Amino acid sequence: MKYNLSPLGDEAVVIEVGTEISPATEKKVNAIVATLEELKPSWMVEYIPAYTTVTVIYKVDRLKENRPYNSICKRIQELMNEVKEVSMCEQKVVRIPVVYGGVHGPDLAFVAEHNGLTPEEVIRIHTSGTYTVHMIGFAPGFPFIGGMSEKIAAPRRQSPRLHIPARTVGIAGMQTGVYPIDSPGGWQLIGRTPIELFLPTEDPPSLLSAGDTIQFYEITQEEYEALRGDFE
């Protein structure tokens with residue numbers, strides 16, 4: 001596997017395995033993650049997978065070396081020799097229920113009009129896709145989800161909202177995602193899920209992980225309220 005290493009501050013190294021978002025690059029990222037999970041090197045604090053990189057955070061005092069960056073690069077190179085591109089941890093399939101439109105999805109009509117569709121067609125397209133979580137970031141548990149049809153792509157809002165309720169489903173460009181906590185944001189909001197994505201008392205605290213497969217399905221307001229009761 002070809003890769004490049006570069007420093008990020010004093011206690012992190014970025015492993016870059018590609019320059020474009022693609023299934024092949026995603027497999028490499030997930031293979032590195034699987035290896036880090038299996039080996040759990042003592043010098044590692046945590047790792048952060050992204051579209052084309054894995055950032056490894058380490059503690060200098062755990063290395064006990066005069067040149068910690070050179071030492072950590074050597075250790076990562078040794079670790080990379082253990083990575084098999086075809087070896088990937090088994091990723092889970094997560095089905096996410098969504099109530100679309102109304103107060104939960106105030107931008108559904110905009111997305112439909114922007115693409116010359118009806119709101120019902122947007123919902124049909126959004127629920128017919130099979131998606132992949134590329135990375136977790138921006139906010140705790142926030143999944144950047146790829147694989148959405150260009151037929152329902154929509155630009156970010158020119159003026160971001162100051163408050164978006166937790167569990168709101170949005171679209172930005174050709175990505176879809178779910179806001180796991182109350183936060184500001186500029187994505188076009190099309191619905192809301194009753195299930196929690198950020199689980200601070202659990203390990204791991206995120207329902208989703210990079211590489212997971214996502215399937216959205218439509219529910220009614222009544223079903224939404226019933227499912228919410230399981231989390232409250």
# chains A, B, ... in the order shown; residues from 1 in each chain; ligands from 1
call {"tool": "residues_around", "arguments": {"residues": "Pro97 in chain A", "least_positions_apart": "4", "cutoff": "7 Å", "atoms": "only C-alpha atoms", "output": "list in words"}}
result
Thr193, Phe216, Tyr217, Glu218 and Ile219 of chain A
call {"tool": "write_last_selection", "arguments": {"atoms": "all heavy atoms", "output": "PDB file, in the first residue's frame"}}
result
ATOM      1  N   THR A 193     -34.705  11.936  12.363  1.00  0.00           N
ATOM      2  CA  THR A 193     -34.788  10.557  12.819  1.00  0.00           C
ATOM      3  C   THR A 193     -35.015  10.522  14.326  1.00  0.00           C
ATOM      4  O   THR A 193     -34.522  11.385  15.053  1.00  0.00           O
ATOM      5  CB  THR A 193     -33.511   9.766  12.472  1.00  0.00           C
ATOM      6  OG1 THR A 193     -33.650   8.421  12.955  1.00  0.00           O
ATOM      7  CG2 THR A 193     -32.275  10.396  13.098  1.00  0.00           C
ATOM      8  N   PHE A 216     -31.788   4.631   4.656  1.00  0.00           N
ATOM      9  CA  PHE A 216     -32.851   5.444   5.236  1.00  0.00           C
ATOM     10  C   PHE A 216     -34.210   4.875   4.828  1.00  0.00           C
ATOM     11  O   PHE A 216     -34.364   4.391   3.712  1.00  0.00           O
ATOM     12  CB  PHE A 216     -32.757   6.892   4.757  1.00  0.00           C
ATOM     13  CG  PHE A 216     -31.511   7.620   5.213  1.00  0.00           C
ATOM     14  CD1 PHE A 216     -30.430   7.786   4.361  1.00  0.00           C
ATOM     15  CD2 PHE A 216     -31.428   8.146   6.493  1.00  0.00           C
ATOM     16  CE1 PHE A 216     -29.288   8.450   4.766  1.00  0.00           C
ATOM     17  CE2 PHE A 216     -30.292   8.823   6.912  1.00  0.00           C
ATOM     18  CZ  PHE A 216     -29.212   8.976   6.051  1.00  0.00           C
ATOM     19  N   TYR A 217     -35.179   4.960   5.730  1.00  0.00           N
ATOM     20  CA  TYR A 217     -36.540   4.583   5.354  1.00  0.00           C
ATOM     21  C   TYR A 217     -37.529   5.548   6.002  1.00  0.00           C
ATOM     22  O   TYR A 217     -37.279   6.084   7.078  1.00  0.00           O
ATOM     23  CB  TYR A 217     -36.844   3.131   5.707  1.00  0.00           C
ATOM     24  CG  TYR A 217     -36.878   2.796   7.182  1.00  0.00           C
ATOM     25  CD1 TYR A 217     -38.089   2.779   7.893  1.00  0.00           C
ATOM     26  CD2 TYR A 217     -35.715   2.460   7.871  1.00  0.00           C
ATOM     27  CE1 TYR A 217     -38.135   2.447   9.237  1.00  0.00           C
ATOM     28  CE2 TYR A 217     -35.749   2.128   9.218  1.00  0.00           C
ATOM     29  CZ  TYR A 217     -36.961   2.119   9.897  1.00  0.00           C
ATOM     30  OH  TYR A 217     -36.994   1.793  11.232  1.00  0.00           O
ATOM     31  N   GLU A 218     -38.654   5.757   5.317  1.00  0.00           N
ATOM     32  CA  GLU A 218     -39.627   6.754   5.755  1.00  0.00           C
ATOM     33  C   GLU A 218     -40.564   6.201   6.823  1.00  0.00           C
ATOM     34  O   GLU A 218     -41.001   5.055   6.742  1.00  0.00           O
ATOM     35  CB  GLU A 218     -40.447   7.254   4.567  1.00  0.00           C
ATOM     36  CG  GLU A 218     -41.395   8.391   4.926  1.00  0.00           C
ATOM     37  CD  GLU A 218     -42.207   8.876   3.737  1.00  0.00           C
ATOM     38  OE1 GLU A 218     -42.193   8.201   2.684  1.00  0.00           O
ATOM     39  OE2 GLU A 218     -42.834   9.955   3.860  1.00  0.00           O
ATOM     40  N   ILE A 219     -40.862   7.048   7.816  1.00  0.00           N
ATOM     41  CA  ILE A 219     -41.850   6.718   8.834  1.00  0.00           C
ATOM     42  C   ILE A 219     -42.826   7.892   8.980  1.00  0.00           C
ATOM     43  O   ILE A 219     -42.553   9.001   8.511  1.00  0.00           O
ATOM     44  CB  ILE A 219     -41.206   6.408  10.197  1.00  0.00           C
ATOM     45  CG1 ILE A 219     -40.382   7.612  10.676  1.00  0.00           C
ATOM     46  CG2 ILE A 219     -40.365   5.159  10.130  1.00  0.00           C
ATOM     47  CD1 ILE A 219     -39.828   7.452  12.092  1.00  0.00           C
TER      48      ILE A 219
END
call {"tool": "select_by_dssp", "arguments": {"residues": "chain A", "states": "helix (DSSP H, G or I)", "output": "number ranges by chain"}}
result
A: 23-39, 60-63, 68-80, 102-104, 108-114, 119-128, 150-152, 221-228
call {"tool": "residues_around", "arguments": {"residues": "range 131-145 of chain A", "least_positions_apart": "2", "cutoff": "10 Å", "atoms": "only C-alpha atoms", "output": "JSON, numbers by chain"}}
result
{"A": [21, 22, 23, 26, 29, 30, 48, 49, 50, 51, 52, 93, 94, 126, 127, 128, 129, 147, 148, 149, 167, 171, 172, 174, 175, 176, 177, 178, 179, 180, 181, 182, 183, 185, 196, 197, 198, 199, 200, 204, 205, 206, 207, 208, 209, 210, 211, 212, 213, 214, 215, 216]}
call {"tool": "residues_around", "arguments": {"residues": "Pro155 in chain A", "least_positions_apart": "4", "cutoff": "12 Å", "atoms": "only C-alpha atoms", "output": "mmCIF file with N, CA and C atoms, in the first residue's frame"}}
result
data_model
loop_
_atom_site.group_PDB
_atom_site.id
_atom_site.type_symbol
_atom_site.label_atom_id
_atom_site.label_comp_id
_atom_site.auth_asym_id
_atom_site.auth_seq_id
_atom_site.Cartn_x
_atom_site.Cartn_y
_atom_site.Cartn_z
ATOM 1 N N ASP A 107 -36.586 22.269 4.610
ATOM 2 C CA ASP A 107 -35.981 22.548 3.304
ATOM 3 C C ASP A 107 -36.325 21.490 2.261
ATOM 4 N N PHE A 110 -37.489 23.079 -0.901
ATOM 5 C CA PHE A 110 -36.409 23.720 -1.661
ATOM 6 C C PHE A 110 -35.612 22.683 -2.445
ATOM 7 N N VAL A 111 -35.269 21.586 -1.802
ATOM 8 C CA VAL A 111 -34.499 20.539 -2.483
ATOM 9 C C VAL A 111 -35.271 20.022 -3.687
ATOM 10 N N HIS A 114 -35.342 22.809 -6.416
ATOM 11 C CA HIS A 114 -33.998 22.977 -6.970
ATOM 12 C C HIS A 114 -33.692 21.914 -8.015
ATOM 13 N N ASN A 115 -34.265 20.739 -7.845
ATOM 14 C CA ASN A 115 -33.983 19.621 -8.751
ATOM 15 C C ASN A 115 -35.132 19.307 -9.699
ATOM 16 N N GLU A 150 -27.202 12.250 -7.419
ATOM 17 C CA GLU A 150 -27.077 13.644 -7.820
ATOM 18 C C GLU A 150 -28.432 14.261 -8.149
ATOM 19 N N SER A 159 -26.978 31.360 4.251
ATOM 20 C CA SER A 159 -26.894 31.819 5.635
ATOM 21 C C SER A 159 -27.185 30.644 6.561
ATOM 22 N N PRO A 160 -26.166 30.083 7.243
ATOM 23 C CA PRO A 160 -26.396 28.930 8.111
ATOM 24 C C PRO A 160 -27.368 29.238 9.251
ATOM 25 N N GLY A 170 -29.950 16.060 6.800
ATOM 26 C CA GLY A 170 -29.733 17.139 5.858
ATOM 27 C C GLY A 170 -29.011 16.701 4.600
ATOM 28 N N ILE A 171 -28.958 17.636 3.647
ATOM 29 C CA ILE A 171 -28.256 17.429 2.380
ATOM 30 C C ILE A 171 -27.347 18.629 2.138
ATOM 31 N N ALA A 172 -26.142 18.359 1.673
ATOM 32 C CA ALA A 172 -25.201 19.417 1.283
ATOM 33 C C ALA A 172 -24.401 18.904 0.097
ATOM 34 N N GLY A 173 -24.573 19.522 -1.058
ATOM 35 C CA GLY A 173 -23.924 19.008 -2.255
ATOM 36 C C GLY A 173 -24.465 17.622 -2.557
ATOM 37 N N MET A 174 -23.558 16.677 -2.737
ATOM 38 C CA MET A 174 -23.972 15.299 -3.012
ATOM 39 C C MET A 174 -23.816 14.409 -1.788
ATOM 40 N N GLN A 175 -23.769 15.044 -0.620
ATOM 41 C CA GLN A 175 -23.692 14.284 0.617
ATOM 42 C C GLN A 175 -24.987 14.433 1.416
ATOM 43 N N THR A 176 -25.260 13.429 2.207
ATOM 44 C CA THR A 176 -26.335 13.529 3.179
ATOM 45 C C THR A 176 -25.733 13.230 4.547
ATOM 46 N N GLY A 186 -25.346 24.617 8.020
ATOM 47 C CA GLY A 186 -25.830 25.192 6.776
ATOM 48 C C GLY A 186 -26.397 24.189 5.790
ATOM 49 N N TRP A 187 -26.629 22.948 6.224
ATOM 50 C CA TRP A 187 -27.161 21.945 5.312
ATOM 51 C C TRP A 187 -28.654 22.166 5.103
ATOM 52 N N GLN A 188 -29.167 21.676 3.984
ATOM 53 C CA GLN A 188 -30.598 21.730 3.701
ATOM 54 C C GLN A 188 -31.284 20.606 4.478
ATOM 55 N N LEU A 189 -32.268 20.960 5.297
ATOM 56 C CA LEU A 189 -32.877 20.012 6.220
ATOM 57 C C LEU A 189 -34.108 19.368 5.598
#
call {"tool": "atom_distance", "arguments": {"atom1": "CA of Ile123 in chain A", "atom2": "CA of Glu225 in chain A"}}
result
19.5 Å
call {"tool": "residues_around", "arguments": {"residues": "Arg62 in chain A", "least_positions_apart": "4", "cutoff": "8 Å", "atoms": "only C-alpha atoms", "output": "VMD selection string"}}
result
chain A and resid 42 to 43 58
call {"tool": "write_last_selection", "arguments": {"atoms": "C-alpha atoms", "output": "PDB file, in the first residue's frame"}}
result
ATOM      1  CA  SER A  42       0.818   1.586  23.455  1.00  0.00           C
ATOM      2  CA  TRP A  43       2.045   4.932  22.125  1.00  0.00           C
ATOM      3  CA  TYR A  58       0.340   9.871  20.081  1.00  0.00           C
TER       4      TYR A  58
END
call {"tool": "select_by_dssp", "arguments": {"residues": "range 126-205 of chain A", "states": "strand (DSSP E)", "output": "MDAnalysis selection string"}}
result
chainID A and resid 131:136 143:146 161:164 168:172 175:179 183:185 188:192
call {"tool": "write_last_selection", "arguments": {"atoms": "N, CA and C atoms", "output": "compact mmCIF listing (two decimals), in the first residue's frame"}}
result
# COMPACT_ATOMS: atom_id res chain seq x y z
N TYR A 131 -25.99 3.90 1.29
CA TYR A 131 -24.97 4.91 1.52
C TYR A 131 -23.81 4.34 2.34
N THR A 132 -22.71 5.09 2.32
CA THR A 132 -21.52 4.71 3.08
C THR A 132 -21.08 5.87 3.95
N VAL A 133 -20.76 5.59 5.20
CA VAL A 133 -20.20 6.61 6.09
C VAL A 133 -18.72 6.77 5.76
N HIS A 134 -18.36 7.95 5.27
CA HIS A 134 -16.96 8.20 4.92
C HIS A 134 -16.13 8.59 6.13
N MET A 135 -16.71 9.38 7.02
CA MET A 135 -15.97 9.83 8.19
C MET A 135 -16.93 10.38 9.23
N ILE A 136 -16.43 10.47 10.46
CA ILE A 136 -17.17 11.08 11.56
C ILE A 136 -16.43 12.37 11.92
N PRO A 143 -22.03 11.98 10.99
CA PRO A 143 -21.54 11.16 9.87
C PRO A 143 -21.59 11.92 8.54
N PHE A 144 -20.47 11.93 7.85
CA PHE A 144 -20.47 12.42 6.47
C PHE A 144 -20.74 11.21 5.59
N ILE A 145 -21.90 11.22 4.94
CA ILE A 145 -22.40 10.03 4.25
C ILE A 145 -22.38 10.26 2.74
N GLY A 146 -21.70 9.38 2.03
CA GLY A 146 -21.62 9.49 0.58
C GLY A 146 -22.50 8.48 -0.12
N ARG A 161 -28.10 28.23 9.65
CA ARG A 161 -28.97 28.35 10.82
C ARG A 161 -28.12 28.33 12.10
N LEU A 162 -28.55 29.09 13.09
CA LEU A 162 -27.83 29.11 14.37
C LEU A 162 -28.18 27.89 15.22
N HIS A 163 -29.34 27.28 14.96
CA HIS A 163 -29.73 26.12 15.76
C HIS A 163 -30.46 25.10 14.90
N ILE A 164 -29.91 23.91 14.89
CA ILE A 164 -30.55 22.77 14.22
C ILE A 164 -30.76 21.69 15.26
N THR A 168 -31.51 15.75 13.10
CA THR A 168 -32.06 16.26 11.84
C THR A 168 -31.23 15.75 10.66
N VAL A 169 -31.91 15.32 9.61
CA VAL A 169 -31.27 14.79 8.41
C VAL A 169 -31.14 15.92 7.39
N GLY A 170 -29.95 16.06 6.80
CA GLY A 170 -29.73 17.14 5.86
C GLY A 170 -29.01 16.70 4.60
N ILE A 171 -28.96 17.64 3.65
CA ILE A 171 -28.26 17.43 2.38
C ILE A 171 -27.35 18.63 2.14
N ALA A 172 -26.14 18.36 1.67
CA ALA A 172 -25.20 19.42 1.28
C ALA A 172 -24.40 18.90 0.10
N GLN A 175 -23.77 15.04 -0.62
CA GLN A 175 -23.69 14.28 0.62
C GLN A 175 -24.99 14.43 1.42
N THR A 176 -25.26 13.43 2.21
CA THR A 176 -26.33 13.53 3.18
C THR A 176 -25.73 13.23 4.55
N GLY A 177 -26.41 13.64 5.60
CA GLY A 177 -25.88 13.44 6.94
C GLY A 177 -26.94 13.68 7.97
N VAL A 178 -26.59 13.41 9.23
CA VAL A 178 -27.53 13.57 10.34
C VAL A 178 -26.82 14.35 11.45
N TYR A 179 -27.44 15.45 11.87
CA TYR A 179 -26.89 16.21 12.99
C TYR A 179 -27.14 15.43 14.29
N SER A 183 -26.98 21.96 17.10
CA SER A 183 -25.81 22.71 16.65
C SER A 183 -26.21 23.66 15.52
N PRO A 184 -25.35 24.64 15.23
CA PRO A 184 -25.57 25.43 14.02
C PRO A 184 -25.20 24.62 12.80
N GLY A 185 -25.62 25.08 11.62
CA GLY A 185 -25.26 24.36 10.41
C GLY A 185 -25.91 24.94 9.17
N GLN A 188 -29.17 21.68 3.98
CA GLN A 188 -30.60 21.73 3.70
C GLN A 188 -31.28 20.61 4.48
N LEU A 189 -32.27 20.96 5.30
CA LEU A 189 -32.88 20.01 6.22
C LEU A 189 -34.11 19.37 5.60
N ILE A 190 -34.12 18.03 5.53
CA ILE A 190 -35.22 17.34 4.86
C ILE A 190 -36.02 16.44 5.78
N GLY A 191 -35.56 16.17 6.99
CA GLY A 191 -36.30 15.29 7.88
C GLY A 191 -35.59 15.12 9.20
N ARG A 192 -36.10 14.19 9.99
CA ARG A 192 -35.51 13.95 11.32
C ARG A 192 -35.70 12.50 11.70
call {"tool": "atom_distance", "arguments": {"atom1": "CA of Tyr47 in chain A", "atom2": "CA of Thr35 in chain A"}}
result
11.3 Å
call {"tool": "closest_residue", "arguments": {"among": "A:Pro165, A:Ala12, A:Ala24, A:Gly101", "to": "Lys59 in chain A", "atoms": "only C-alpha atoms"}}
result
A:Ala12
